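Asker: Structure file model05.txt, compact mmCIF, C-alpha atoms, is pasted below:
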```txt
# COMPACT_ATOMS: atom_id res chain seq x y z
CA MET A 563 5.62 45.38 -12.07
CA ILE A 564 7.41 48.49 -10.80
CA LYS A 565 6.72 47.51 -7.21
CA LEU A 566 8.00 43.99 -7.87
CA LEU A 567 11.23 45.33 -9.40
CA LYS A 568 11.56 47.69 -6.50
CA LEU A 569 11.12 44.82 -4.06
CA LEU A 570 13.74 42.70 -5.84
CA CYS A 571 16.21 45.56 -5.79
CA PHE A 572 15.52 46.13 -2.13
CA LEU A 573 16.00 42.46 -1.32
CA SER A 574 19.26 42.37 -3.23
CA GLU A 575 20.49 45.15 -0.97
CA LYS A 576 19.44 43.18 2.13
CA LYS A 577 21.36 39.95 1.64
CA ALA A 578 22.62 39.96 5.21
CA THR A 579 19.11 40.53 6.53
CA LEU A 580 17.95 37.47 4.61
CA PHE A 581 20.94 35.32 5.50
CA TRP A 582 21.00 35.54 9.27
CA PRO A 583 17.36 34.51 10.01
CA THR A 584 17.77 31.64 7.53
CA PHE A 585 21.01 30.54 9.17
CA PHE A 586 19.71 30.76 12.74
CA GLY A 587 16.42 29.06 11.79
CA ALA A 588 18.29 26.10 10.32
CA LEU A 589 20.65 26.00 13.31
CA PHE A 590 17.79 26.10 15.81
CA PHE A 591 15.83 23.26 14.21
CA ALA A 592 18.97 21.15 13.76
CA GLY A 593 19.89 21.56 17.43
CA LEU A 594 16.34 20.89 18.58
CA THR A 595 16.17 17.65 16.57
CA ALA A 596 19.63 16.51 17.67
CA SER A 597 18.73 17.05 21.35
CA LYS A 598 15.76 14.69 21.14
CA ASP A 599 16.00 10.93 21.32
CA GLN A 600 15.23 8.75 18.33
CA VAL A 601 11.52 7.89 18.28
CA ASN A 602 10.72 4.28 17.34
CA THR A 603 7.30 2.85 16.55
CA PHE A 604 6.25 -0.74 17.24
CA LYS A 605 2.90 -2.32 16.34
CA THR A 606 0.92 -5.49 16.89
CA THR A 607 -2.54 -6.40 15.58
CA LEU A 608 -5.46 -8.22 17.21
CA TYR A 609 -8.50 -9.70 15.46
CA LEU A 610 -11.91 -9.12 17.01
CA ASN A 611 -14.76 -11.56 16.32
CA LYS A 612 -17.55 -9.02 16.63
CA SER A 613 -20.28 -11.59 15.91
CA ALA A 614 -19.32 -13.63 18.98
CA VAL A 615 -19.24 -10.85 21.57
CA THR A 616 -22.15 -9.28 23.40
CA SER A 617 -20.58 -6.02 24.54
CA PRO A 618 -21.73 -2.99 22.46
CA VAL A 619 -18.23 -1.56 22.76
CA LEU A 620 -16.70 -4.62 21.10
CA GLN A 621 -19.46 -4.94 18.53
CA ASN A 622 -18.75 -1.41 17.27
CA ALA A 623 -15.10 -0.98 18.22
CA SER A 624 -14.29 1.54 15.47
CA GLU A 625 -16.63 4.22 16.85
CA PRO A 626 -14.50 7.03 18.39
CA THR A 627 -16.13 6.76 21.82
CA HIS A 628 -15.67 2.99 21.88
CA THR A 629 -12.07 3.30 20.71
CA LYS A 630 -11.44 5.68 23.60
CA ILE A 631 -12.93 3.17 26.04
CA LEU A 632 -10.67 0.43 24.67
CA ASN A 633 -7.67 2.76 24.82
CA ASP A 634 -8.48 3.52 28.48
CA ILE A 635 -8.55 -0.23 29.16
CA LEU A 636 -5.21 -0.66 27.38
CA THR A 637 -3.50 2.10 29.37
CA LYS A 638 -4.86 1.09 32.78
CA GLN A 639 -2.08 0.99 35.34
CA SER A 640 -2.72 -2.67 36.14
CA VAL A 641 -2.58 -3.68 32.44
CA ILE A 642 0.65 -1.77 31.67
CA ASP A 643 2.24 -2.92 34.93
CA THR A 644 1.42 -6.56 34.16
CA ALA A 645 2.94 -6.25 30.68
CA LEU A 646 6.11 -4.61 32.02
CA MET A 647 6.50 -7.28 34.67
CA GLU A 648 5.91 -10.24 32.33
CA SER A 649 8.26 -8.81 29.67
CA GLY A 650 11.08 -8.43 32.21
CA LEU A 651 11.45 -4.67 31.82
CA GLN A 652 11.01 -4.14 35.58
CA ASN A 653 13.75 -6.55 36.58
CA GLY A 654 16.34 -4.96 38.87
CA LEU A 655 14.43 -1.69 39.32
CA ASN A 656 13.43 -0.12 42.61
CA ASP A 657 9.92 1.21 43.29
CA SER A 658 10.71 4.75 42.14
CA GLU A 659 12.24 3.52 38.89
CA LYS A 660 9.27 1.22 38.30
CA LYS A 661 6.87 4.15 38.66
CA GLY A 662 8.90 6.20 36.19
CA LEU A 663 9.01 3.31 33.72
CA LEU A 664 5.26 2.77 34.13
CA SER A 665 4.57 6.45 33.40
CA THR A 666 6.88 6.45 30.37
CA PHE A 667 5.33 3.37 28.78
CA THR A 668 1.78 4.52 29.55
CA ARG A 669 2.36 7.76 27.61
CA ALA A 670 3.97 5.86 24.72
CA THR A 671 1.22 3.23 24.38
CA TYR A 672 -2.02 3.65 22.46
CA LEU A 673 -4.36 1.76 20.15
CA GLN A 674 -6.31 2.32 16.95
CA THR A 675 -9.32 0.52 15.47
CA PRO A 676 -9.23 0.73 11.64
CA HIS A 677 -12.52 -1.19 11.56
CA ASP A 678 -14.76 -3.23 13.84
CA THR A 679 -12.75 -6.44 13.51
CA MET A 680 -9.23 -5.08 14.05
CA VAL A 681 -7.43 -3.55 17.02
CA GLN A 682 -3.89 -2.25 16.49
CA ILE A 683 -1.71 -1.61 19.55
CA TYR A 684 1.21 0.81 19.21
CA TYR A 685 4.27 1.79 21.20
CA LYS A 686 5.96 5.04 20.14
CA GLY A 687 9.01 6.04 22.16
CA SER A 688 12.77 5.95 22.49
CA GLU A 689 13.01 2.45 23.97
CA THR A 690 13.91 -0.49 21.72
CA LYS A 691 15.06 -3.17 24.16
CA GLN A 692 12.40 -5.83 24.87
CA VAL A 693 9.64 -3.68 23.39
CA THR A 694 8.39 -6.59 21.27
CA ASP A 695 8.16 -8.71 24.42
CA TYR A 696 6.33 -5.85 26.12
CA LEU A 697 3.78 -5.55 23.28
CA GLU A 698 3.20 -9.29 23.27
CA ALA A 699 2.57 -9.37 27.02
CA LEU A 700 0.47 -6.21 26.74
CA SER A 701 -1.74 -7.80 24.09
CA TYR A 702 -2.63 -10.72 26.34
CA ALA A 703 -3.14 -8.50 29.39
CA PHE A 704 -5.42 -6.27 27.29
CA ILE A 705 -7.37 -9.29 26.01
CA LYS A 706 -7.96 -10.55 29.55
CA GLU A 707 -9.06 -7.15 30.80
CA THR A 708 -11.30 -6.46 27.78
CA LEU A 709 -13.00 -9.85 27.87
CA SER A 710 -13.55 -9.88 31.62
CA PRO A 711 -17.19 -8.68 31.18
CA GLU A 712 -17.73 -11.47 28.65
CA ARG A 713 -16.24 -13.95 31.08
CA LEU A 714 -18.43 -12.62 33.89
CA ARG A 715 -21.54 -12.96 31.71
CA ILE A 716 -20.74 -16.60 30.96
CA GLU A 717 -19.95 -17.30 34.61
CA GLN A 718 -23.33 -15.91 35.61
CA LYS A 719 -25.12 -17.96 32.96
CA LEU A 720 -23.28 -21.13 34.00
CA ALA A 721 -24.19 -20.44 37.62
CA THR A 722 -27.87 -20.07 36.65
CA LEU A 723 -27.82 -23.36 34.71
CA ALA A 724 -26.07 -25.10 37.61
CA GLU A 725 -28.82 -23.91 39.94
CA GLN A 726 -31.45 -25.26 37.53
CA ILE A 727 -29.70 -28.62 37.39
CA GLN A 728 -29.56 -28.78 41.17
CA TYR A 729 -33.22 -27.73 41.48
CA TYR A 730 -34.56 -30.32 39.02
CA SER A 731 -32.30 -33.02 40.47
CA SER A 732 -33.73 -32.30 43.92
CA LYS A 733 -37.25 -32.24 42.49
CA GLU A 734 -36.70 -35.59 40.77
CA ARG A 735 -35.30 -37.13 43.96
CA ASN A 736 -38.23 -35.91 46.08
CA SER A 737 -40.71 -37.15 43.48
CA ARG A 738 -39.13 -40.62 43.59
CA ILE A 739 -39.34 -40.66 47.38
CA ARG A 740 -43.05 -39.71 47.28
CA LEU A 741 -43.70 -42.36 44.64
CA GLU A 742 -42.10 -45.09 46.78
CA ARG A 743 -44.14 -44.00 49.76
CA ALA A 744 -47.31 -44.03 47.66
CA LYS A 745 -46.56 -47.58 46.51
CA GLN A 746 -45.91 -48.76 50.05
CA ALA A 747 -49.10 -47.11 51.25
CA GLY A 748 -51.12 -48.82 48.51
CA ASP A 749 -52.34 -45.61 46.83
CA ASN A 750 -54.44 -45.90 43.74
CA SER A 751 -52.92 -46.18 40.32
CA GLN A 752 -53.84 -42.58 39.40
CA ASN A 753 -51.55 -41.14 42.07
CA ILE A 754 -48.78 -43.51 41.09
CA ILE A 755 -49.07 -42.48 37.41
CA ALA A 756 -48.99 -38.77 38.39
CA GLY A 757 -45.88 -39.40 40.49
CA ARG A 758 -44.13 -41.14 37.62
CA PHE A 759 -45.05 -38.29 35.25
CA GLU A 760 -43.63 -35.74 37.71
CA ILE A 761 -40.40 -37.73 37.90
CA GLU A 762 -40.09 -37.90 34.11
CA ARG A 763 -40.75 -34.17 33.75
CA ALA A 764 -38.14 -33.25 36.37
CA GLU A 765 -35.67 -35.65 34.79
CA THR A 766 -36.24 -34.14 31.31
CA GLN A 767 -35.83 -30.59 32.58
CA ARG A 768 -32.65 -31.58 34.42
CA GLU A 769 -31.21 -33.21 31.30
CA LEU A 770 -32.01 -30.14 29.17
CA ALA A 771 -30.35 -27.82 31.69
CA GLN A 772 -27.35 -30.17 31.84
CA GLU A 773 -27.05 -30.15 28.03
CA ASP A 774 -27.14 -26.32 27.96
CA TYR A 775 -24.55 -26.20 30.73
CA ASP A 776 -22.20 -28.62 28.98
CA ALA A 777 -22.54 -26.84 25.61
CA LEU A 778 -21.89 -23.42 27.11
CA LEU A 779 -18.97 -24.71 29.15
CA GLU A 780 -17.40 -26.28 26.07
CA GLU A 781 -17.93 -23.12 24.04
CA ALA A 782 -16.51 -20.89 26.77
CA LYS A 783 -13.70 -23.19 27.87
CA PRO A 784 -10.92 -21.12 26.17
CA LEU A 785 -12.33 -17.93 27.60
CA MET A 786 -12.84 -19.30 31.09
CA SER A 787 -9.39 -20.93 31.28
CA MET A 788 -7.35 -18.15 29.63
CA THR A 789 -3.63 -18.61 30.23
CA ILE A 790 -0.77 -16.27 29.40
CA THR A 791 -1.49 -16.87 25.70
CA GLY A 792 -4.98 -15.46 26.09
CA ALA A 793 -6.43 -18.20 23.88
CA ASN A 794 -10.06 -17.57 23.01
CA ASP A 795 -12.41 -17.18 20.04
CA LEU A 796 -13.35 -13.55 20.62
CA LEU A 797 -10.16 -11.47 20.53
CA TRP A 798 -6.71 -12.78 19.70
CA PRO A 799 -3.35 -11.64 18.18
CA VAL A 800 -2.92 -12.12 14.43
CA GLU A 801 0.38 -10.26 13.97
CA ALA A 802 3.56 -10.53 16.00
CA PRO A 803 4.92 -7.21 17.35
CA VAL A 804 7.15 -5.54 14.76
CA MET A 805 9.17 -2.34 14.57
CA LEU A 806 7.87 -0.04 11.84
CA ALA A 807 10.37 1.50 9.43
CA GLY A 808 10.91 5.23 9.88
CA PRO A 809 13.45 7.98 9.18
CA SER A 810 16.76 7.76 11.05
CA LYS A 811 17.87 10.52 13.38
CA GLU A 812 20.35 11.82 10.78
CA GLU A 813 17.60 12.00 8.15
CA ARG A 814 15.34 13.85 10.58
CA ILE A 815 18.12 16.35 11.38
CA ILE A 816 18.67 17.07 7.68
CA SER A 817 14.96 17.47 6.89
CA ASN A 818 14.31 19.64 9.95
CA THR A 819 17.37 21.78 9.19
CA LEU A 820 16.02 22.48 5.71
CA ALA A 821 12.60 23.21 7.18
CA GLY A 822 14.13 25.67 9.67
CA ALA A 823 16.07 27.43 6.91
CA ILE A 824 12.94 27.78 4.80
CA ILE A 825 10.93 29.11 7.75
CA GLY A 826 13.66 31.64 8.59
CA LEU A 827 13.85 32.76 4.95
CA LEU A 828 10.07 33.17 4.72
CA ILE A 829 9.98 35.25 7.91
CA SER A 830 12.77 37.50 6.54
CA LEU A 831 10.96 37.95 3.23
CA MET A 832 7.69 38.83 4.95
CA LEU A 833 9.35 41.40 7.21
CA LEU A 834 11.31 42.98 4.38
CA THR A 835 8.25 43.06 2.13
CA TRP A 836 6.23 44.71 4.85
CA LYS A 837 9.03 47.22 5.45
CA THR A 838 9.26 48.03 1.75
CA PHE A 839 5.60 48.84 1.23
CA LYS A 840 4.86 50.34 4.65
CA HIS A 841 7.91 52.58 5.08
CA THR A 842 6.88 56.05 3.73
CA THR A 843 9.11 58.42 5.70
CA ILE A 844 11.37 60.64 3.52
CA THR A 845 14.87 60.46 4.93
CA ARG A 846 17.18 60.74 1.90
CA ASP A 847 17.58 62.99 -1.14
CA GLU A 848 16.68 60.01 -3.32
CA ASP A 849 13.37 59.68 -1.49
CA VAL A 850 12.50 63.31 -2.40
CA LEU A 851 13.23 62.63 -6.06
CA THR A 852 11.28 59.36 -6.01
CA LYS A 853 8.23 60.67 -4.14
CA LEU A 854 7.98 64.26 -5.45
CA GLY A 855 9.90 64.16 -8.71
CA VAL A 856 12.14 67.13 -7.79
CA ARG A 857 15.75 67.39 -6.76
CA VAL A 858 17.06 68.75 -3.48
CA LEU A 859 18.77 72.12 -4.06
CA GLY A 860 20.36 72.40 -0.65
CA HIS A 861 20.11 71.84 3.09
CA ILE A 862 19.21 74.38 5.81
CA PRO A 863 21.50 74.04 8.79
CA ASN A 864 20.01 73.48 12.21
CA LEU A 865 20.48 76.82 13.95
CA GLY A 866 19.19 75.63 17.27
CA HIS A 867 16.21 76.71 19.36
CA ILE A 868 14.60 80.06 18.38
CA HIS A 869 12.73 81.97 21.07
CA VAL A 870 11.37 85.54 21.51
CA ASP A 871 12.17 87.60 24.62
CA GLY A 872 10.73 91.17 24.94
CA GLY A 873 9.99 91.41 21.21
CA LYS A 874 13.52 90.36 20.34
CA MET A 875 14.33 87.02 18.63
CA SER A 876 17.33 85.04 19.81
CA ILE A 877 18.83 81.69 18.77
CA ASP A 878 20.46 79.11 21.00
CA LEU A 879 23.05 77.43 18.79
CA LYS A 880 23.61 73.71 19.14
CA PRO A 881 27.07 72.34 19.69
CA LYS A 882 29.33 72.16 16.67
CA ASN A 883 29.07 68.37 16.45
CA SER A 884 25.28 68.51 16.04
CA LYS A 885 23.93 66.99 12.86
CA ASN A 886 22.20 69.01 10.14
CA SER A 887 18.61 68.30 9.42
```
Once you've parsed the file, please lay out its structure as structure tokens.
Answerer:
Amino acid sequence: MIKLLKLLCFLSEKKATLFWPTFFGALFFAGLTASKDQVNTFKTTLYLNKSAVTSPVLQNASEPTHTKILNDILTKQSVIDTALMESGLQNGLNDSEKKGLLSTFTRATYLQTPHDTMVQIYYKGSETKQVTDYLEALSYAFIKETLSPERLRIEQKLATLAEQIQYYSSKERNSRIRLERAKQAGDNSQNIIAGRFEIERAETQRELAQEDYDALLEEAKPLMSMTITGANDLLWPVEAPVMLAGPSKEERIISNTLAGAIIGLLISLMLLTWKTFKHTTITRDEDVLTKLGVRVLGHIPNLGHIHVDGGKMSIDLKPKNSKNS
């Protein structure tokens, strides 16, 4: 309790010491906030049909490593550049300005995956003009880039089925030619029956391959013919780009000014507290009374430097303006 009272008394004597760090802390944070541009946040949301995709990354999109992979796809130079071009943000810019704009928007763009069926794309920066158009174009460019492995897989499967159709069609045609030749040559009925069976089997296999091809083509038609809208059944936008509400620049200046004042005040209090409890040097008469409980009866003047020469003591007096100890 005594130390606390002592600290309060000491702090009351140090009002100026407390005031100036508080004032300069508030001033510094206010100036720092005012010098920065207003930061705006825009967001759009995509839905991911995880049951329809084959990629492990898309099936478990919310895993941190998979989210990072998707974020790398989103911020690829080609994807950002396509979005900037289609949104009109690059109109009228030279090559150097386009590179600067590309770098700025790449740093300000990122995504999050709250769960496996949702991808949220964000822009956080000072720009506001045409940012919603940029996010819309970016969503479709991201969808195309992300689903390109899915599209490649379907293309490969369609190519395999097309080869099967061509193979069984050729086999059926050759079997029919051999059957006609066998009939003309007067072969026995057993060979003719075997030829007909071979034709029927090739025809059945061709029809099955054709059915699989048509079904897969119909199922993958949106994915294979993706336009600017990115229409497909795997990954698509479910929320238009919107600007999220946030504190205005004036509100941020006020809050940061208060934070700077509090930080400056805390630093002053810590330094003064440390000085109060760590400073033990006796420099005043009051310190002697406080530490030792006795009063100072008088002061011995500083006579200067005392030295002995040949058994005799002599004193070199200090100048008259020298202070007493």
Asker: Give me the residues of stretch 593-703 of chain A that have any atom at most 12 Å from an atom of stretch 797-803 of chain A; for each, the nearest atom pair and the distance in Å, rounded to one decimal. Use all atoms listed in the file, sort by chain and number, and format it as CSV.
Answerer:
```
residue,atom,partner,partner_atom,distance
A:Thr603,CA,A:Pro803,CA,10.4
A:Phe604,CA,A:Pro803,CA,6.6
A:Lys605,CA,A:Pro803,CA,5.4
A:Thr606,CA,A:Pro803,CA,4.4
A:Thr607,CA,A:Glu801,CA,5.1
A:Leu608,CA,A:Pro799,CA,4.1
A:Tyr609,CA,A:Trp798,CA,5.5
A:Leu610,CA,A:Leu797,CA,4.6
A:Asn611,CA,A:Leu797,CA,6.2
A:Lys612,CA,A:Leu797,CA,8.7
A:Ser613,CA,A:Leu797,CA,11.1
A:Ala614,CA,A:Leu797,CA,9.5
A:Val615,CA,A:Leu797,CA,9.2
A:Leu620,CA,A:Leu797,CA,9.5
A:Gln621,CA,A:Leu797,CA,11.5
A:Ala623,CA,A:Leu797,CA,11.8
A:Asp678,CA,A:Leu797,CA,11.6
A:Thr679,CA,A:Leu797,CA,9.0
A:Met680,CA,A:Leu797,CA,9.1
A:Val681,CA,A:Leu797,CA,9.1
A:Gln682,CA,A:Glu801,CA,9.4
A:Ile683,CA,A:Pro803,CA,9.0
A:Tyr684,CA,A:Pro803,CA,9.0
A:Tyr685,CA,A:Pro803,CA,9.8
A:Gln692,CA,A:Pro803,CA,10.7
A:Val693,CA,A:Pro803,CA,8.4
A:Thr694,CA,A:Pro803,CA,5.3
A:Asp695,CA,A:Pro803,CA,7.9
A:Tyr696,CA,A:Pro803,CA,9.0
A:Leu697,CA,A:Pro803,CA,6.3
A:Glu698,CA,A:Pro803,CA,6.5
A:Ala699,CA,A:Pro803,CA,10.2
A:Leu700,CA,A:Pro803,CA,10.4
A:Ser701,CA,A:Pro799,CA,7.2
A:Tyr702,CA,A:Trp798,CA,8.1
A:Ala703,CA,A:Trp798,CA,11.2
```
Asker: Would you please work out which residue, of A:Lys691, A:Pro711, A:Gly860, A:Thr584, is nearest to A:Pro618 when using all atoms listed in the file?
Answerer: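 Of A:Lys691, A:Pro711, A:Gly860, A:Thr584, the one nearest A:Pro618 is A:Pro711, counting all atoms listed in the file.
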Asker: Hey, which of A:Glu769, A:Glu742, A:Asp776, A:Glu625 ends up closest to A:Ile755? Count all atoms listed in the file.
Answerer: A:Glu742
Asker: Between A:Ser731, A:Ser624, A:Ser658, A:Thr690, which residue has the minimum interatomic distance to A:His677, considering all atoms listed in the file?
Answerer: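 Looking only at the distances to A:His677, the closest residue turns out to be A:Ser624.
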Asker: Please, what distance in Å, to one decimal, runs between atom CA of A:Leu806 and atom CA of A:Ile642?
Answerer: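 So the answer is 21.2 Å.
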Asker: Find the distance between atom CA of A:Ile761 and atom CA of A:Asp774 and write it in Å to one decimal.
Answerer: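 Computing the Euclidean distance for atom CA of A:Ile761 and atom CA of A:Asp774 yields 20.1 Å.
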Asker: Tell me which of A:Ser617, A:Gln772, A:Thr637, A:Ser830 sits closest to A:Glu725, counting all atoms listed in the file.
Answerer: A:Gln772
Asker: What gap, in Å, lies between atom CA of A:Leu820 and atom CA of A:Arg669?
Answerer: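 Pair atom CA of A:Leu820 / atom CA of A:Arg669 returns 29.7 Å.
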Asker: Which one is closest to A:Ala592: A:Leu833, A:Asp849, A:Thr819, A:Ile635? Count only C-alpha atoms.
Answerer: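 Once distances to A:Ala592 are computed over only C-alpha atoms, the minimum belongs to A:Thr819.
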Asker: Identify, on the basis of only C-alpha atoms, every residue whose closest approach to A:Gln767 does not exceed 9 Å; exclude the query and any residue fewer than 2 positions from it along the same chain; express the result as a list in words.
Answerer: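 Listed by chain and then number, they are Gln726, Ile727, Tyr730, Ser731, Glu762, Arg763, Ala764, Glu765, Glu769, Leu770, Ala771 and Gln772 of chain A.
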Asker: Just the residues within 8 Å of A:Leu632, please, counting only C-alpha atoms, with nothing from its chain fewer than 4 positions along; format it as number ranges by chain.
Answerer: A: 623, 628, 636, 673, 708
Asker: Padding 8 Å on each side, edges along x, y and z: where is the centre of the box around the listed atoms of stretch 710-713 of chain A, and how long are its edges in Å to one decimal? Output it as AutoDock Vina command-line options.
Answerer:
```
--center_x -15.6 --center_y -11.3 --center_z 30.1 --size_x 20.2 --size_y 21.3 --size_z 19.0
```
Asker: Could stretch 766-783 of chain A be completed with N, CA and C atoms and returned as a PDB file, keeping the file's coordinate frame?
Answerer:
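out-v1.pdb, freshly written:
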```pdb
ATOM      1  N   THR A 766     -36.421 -34.773  32.630  1.00  0.00           N
ATOM      2  CA  THR A 766     -36.240 -34.140  31.310  1.00  0.00           C
ATOM      3  C   THR A 766     -35.700 -32.723  31.457  1.00  0.00           C
ATOM      4  N   GLN A 767     -36.285 -31.963  32.372  1.00  0.00           N
ATOM      5  CA  GLN A 767     -35.830 -30.590  32.580  1.00  0.00           C
ATOM      6  C   GLN A 767     -34.378 -30.546  33.081  1.00  0.00           C
ATOM      7  N   ARG A 768     -34.034 -31.520  33.940  1.00  0.00           N
ATOM      8  CA  ARG A 768     -32.650 -31.580  34.420  1.00  0.00           C
ATOM      9  C   ARG A 768     -31.683 -31.899  33.283  1.00  0.00           C
ATOM     10  N   GLU A 769     -32.069 -32.835  32.427  1.00  0.00           N
ATOM     11  CA  GLU A 769     -31.210 -33.210  31.300  1.00  0.00           C
ATOM     12  C   GLU A 769     -31.036 -32.040  30.320  1.00  0.00           C
ATOM     13  N   LEU A 770     -32.116 -31.289  30.066  1.00  0.00           N
ATOM     14  CA  LEU A 770     -32.010 -30.140  29.170  1.00  0.00           C
ATOM     15  C   LEU A 770     -31.080 -29.070  29.750  1.00  0.00           C
ATOM     16  N   ALA A 771     -31.217 -28.800  31.039  1.00  0.00           N
ATOM     17  CA  ALA A 771     -30.350 -27.820  31.690  1.00  0.00           C
ATOM     18  C   ALA A 771     -28.896 -28.298  31.672  1.00  0.00           C
ATOM     19  N   GLN A 772     -28.704 -29.613  31.860  1.00  0.00           N
ATOM     20  CA  GLN A 772     -27.350 -30.170  31.840  1.00  0.00           C
ATOM     21  C   GLN A 772     -26.726 -30.045  30.439  1.00  0.00           C
ATOM     22  N   GLU A 773     -27.537 -30.288  29.405  1.00  0.00           N
ATOM     23  CA  GLU A 773     -27.050 -30.150  28.030  1.00  0.00           C
ATOM     24  C   GLU A 773     -26.640 -28.697  27.736  1.00  0.00           C
ATOM     25  N   ASP A 774     -27.472 -27.747  28.160  1.00  0.00           N
ATOM     26  CA  ASP A 774     -27.140 -26.320  27.960  1.00  0.00           C
ATOM     27  C   ASP A 774     -25.870 -25.959  28.712  1.00  0.00           C
ATOM     28  N   TYR A 775     -25.743 -26.480  29.910  1.00  0.00           N
ATOM     29  CA  TYR A 775     -24.550 -26.200  30.730  1.00  0.00           C
ATOM     30  C   TYR A 775     -23.293 -26.749  30.059  1.00  0.00           C
ATOM     31  N   ASP A 776     -23.368 -27.996  29.604  1.00  0.00           N
ATOM     32  CA  ASP A 776     -22.200 -28.620  28.980  1.00  0.00           C
ATOM     33  C   ASP A 776     -21.808 -27.914  27.681  1.00  0.00           C
ATOM     34  N   ALA A 777     -22.818 -27.520  26.885  1.00  0.00           N
ATOM     35  CA  ALA A 777     -22.540 -26.840  25.610  1.00  0.00           C
ATOM     36  C   ALA A 777     -21.897 -25.476  25.858  1.00  0.00           C
ATOM     37  N   LEU A 778     -22.444 -24.733  26.816  1.00  0.00           N
ATOM     38  CA  LEU A 778     -21.890 -23.420  27.110  1.00  0.00           C
ATOM     39  C   LEU A 778     -20.490 -23.534  27.705  1.00  0.00           C
ATOM     40  N   LEU A 779     -20.286 -24.515  28.545  1.00  0.00           N
ATOM     41  CA  LEU A 779     -18.970 -24.710  29.150  1.00  0.00           C
ATOM     42  C   LEU A 779     -17.928 -25.073  28.099  1.00  0.00           C
ATOM     43  N   GLU A 780     -18.326 -25.910  27.146  1.00  0.00           N
ATOM     44  CA  GLU A 780     -17.400 -26.280  26.070  1.00  0.00           C
ATOM     45  C   GLU A 780     -17.085 -25.087  25.183  1.00  0.00           C
ATOM     46  N   GLU A 781     -18.123 -24.301  24.891  1.00  0.00           N
ATOM     47  CA  GLU A 781     -17.930 -23.120  24.040  1.00  0.00           C
ATOM     48  C   GLU A 781     -17.056 -22.079  24.729  1.00  0.00           C
ATOM     49  N   ALA A 782     -17.219 -21.939  26.039  1.00  0.00           N
ATOM     50  CA  ALA A 782     -16.510 -20.890  26.770  1.00  0.00           C
ATOM     51  C   ALA A 782     -15.231 -21.376  27.427  1.00  0.00           C
ATOM     52  N   LYS A 783     -14.868 -22.640  27.199  1.00  0.00           N
ATOM     53  CA  LYS A 783     -13.700 -23.190  27.870  1.00  0.00           C
ATOM     54  C   LYS A 783     -12.428 -22.365  27.628  1.00  0.00           C
TER      55      LYS A 783
END
```
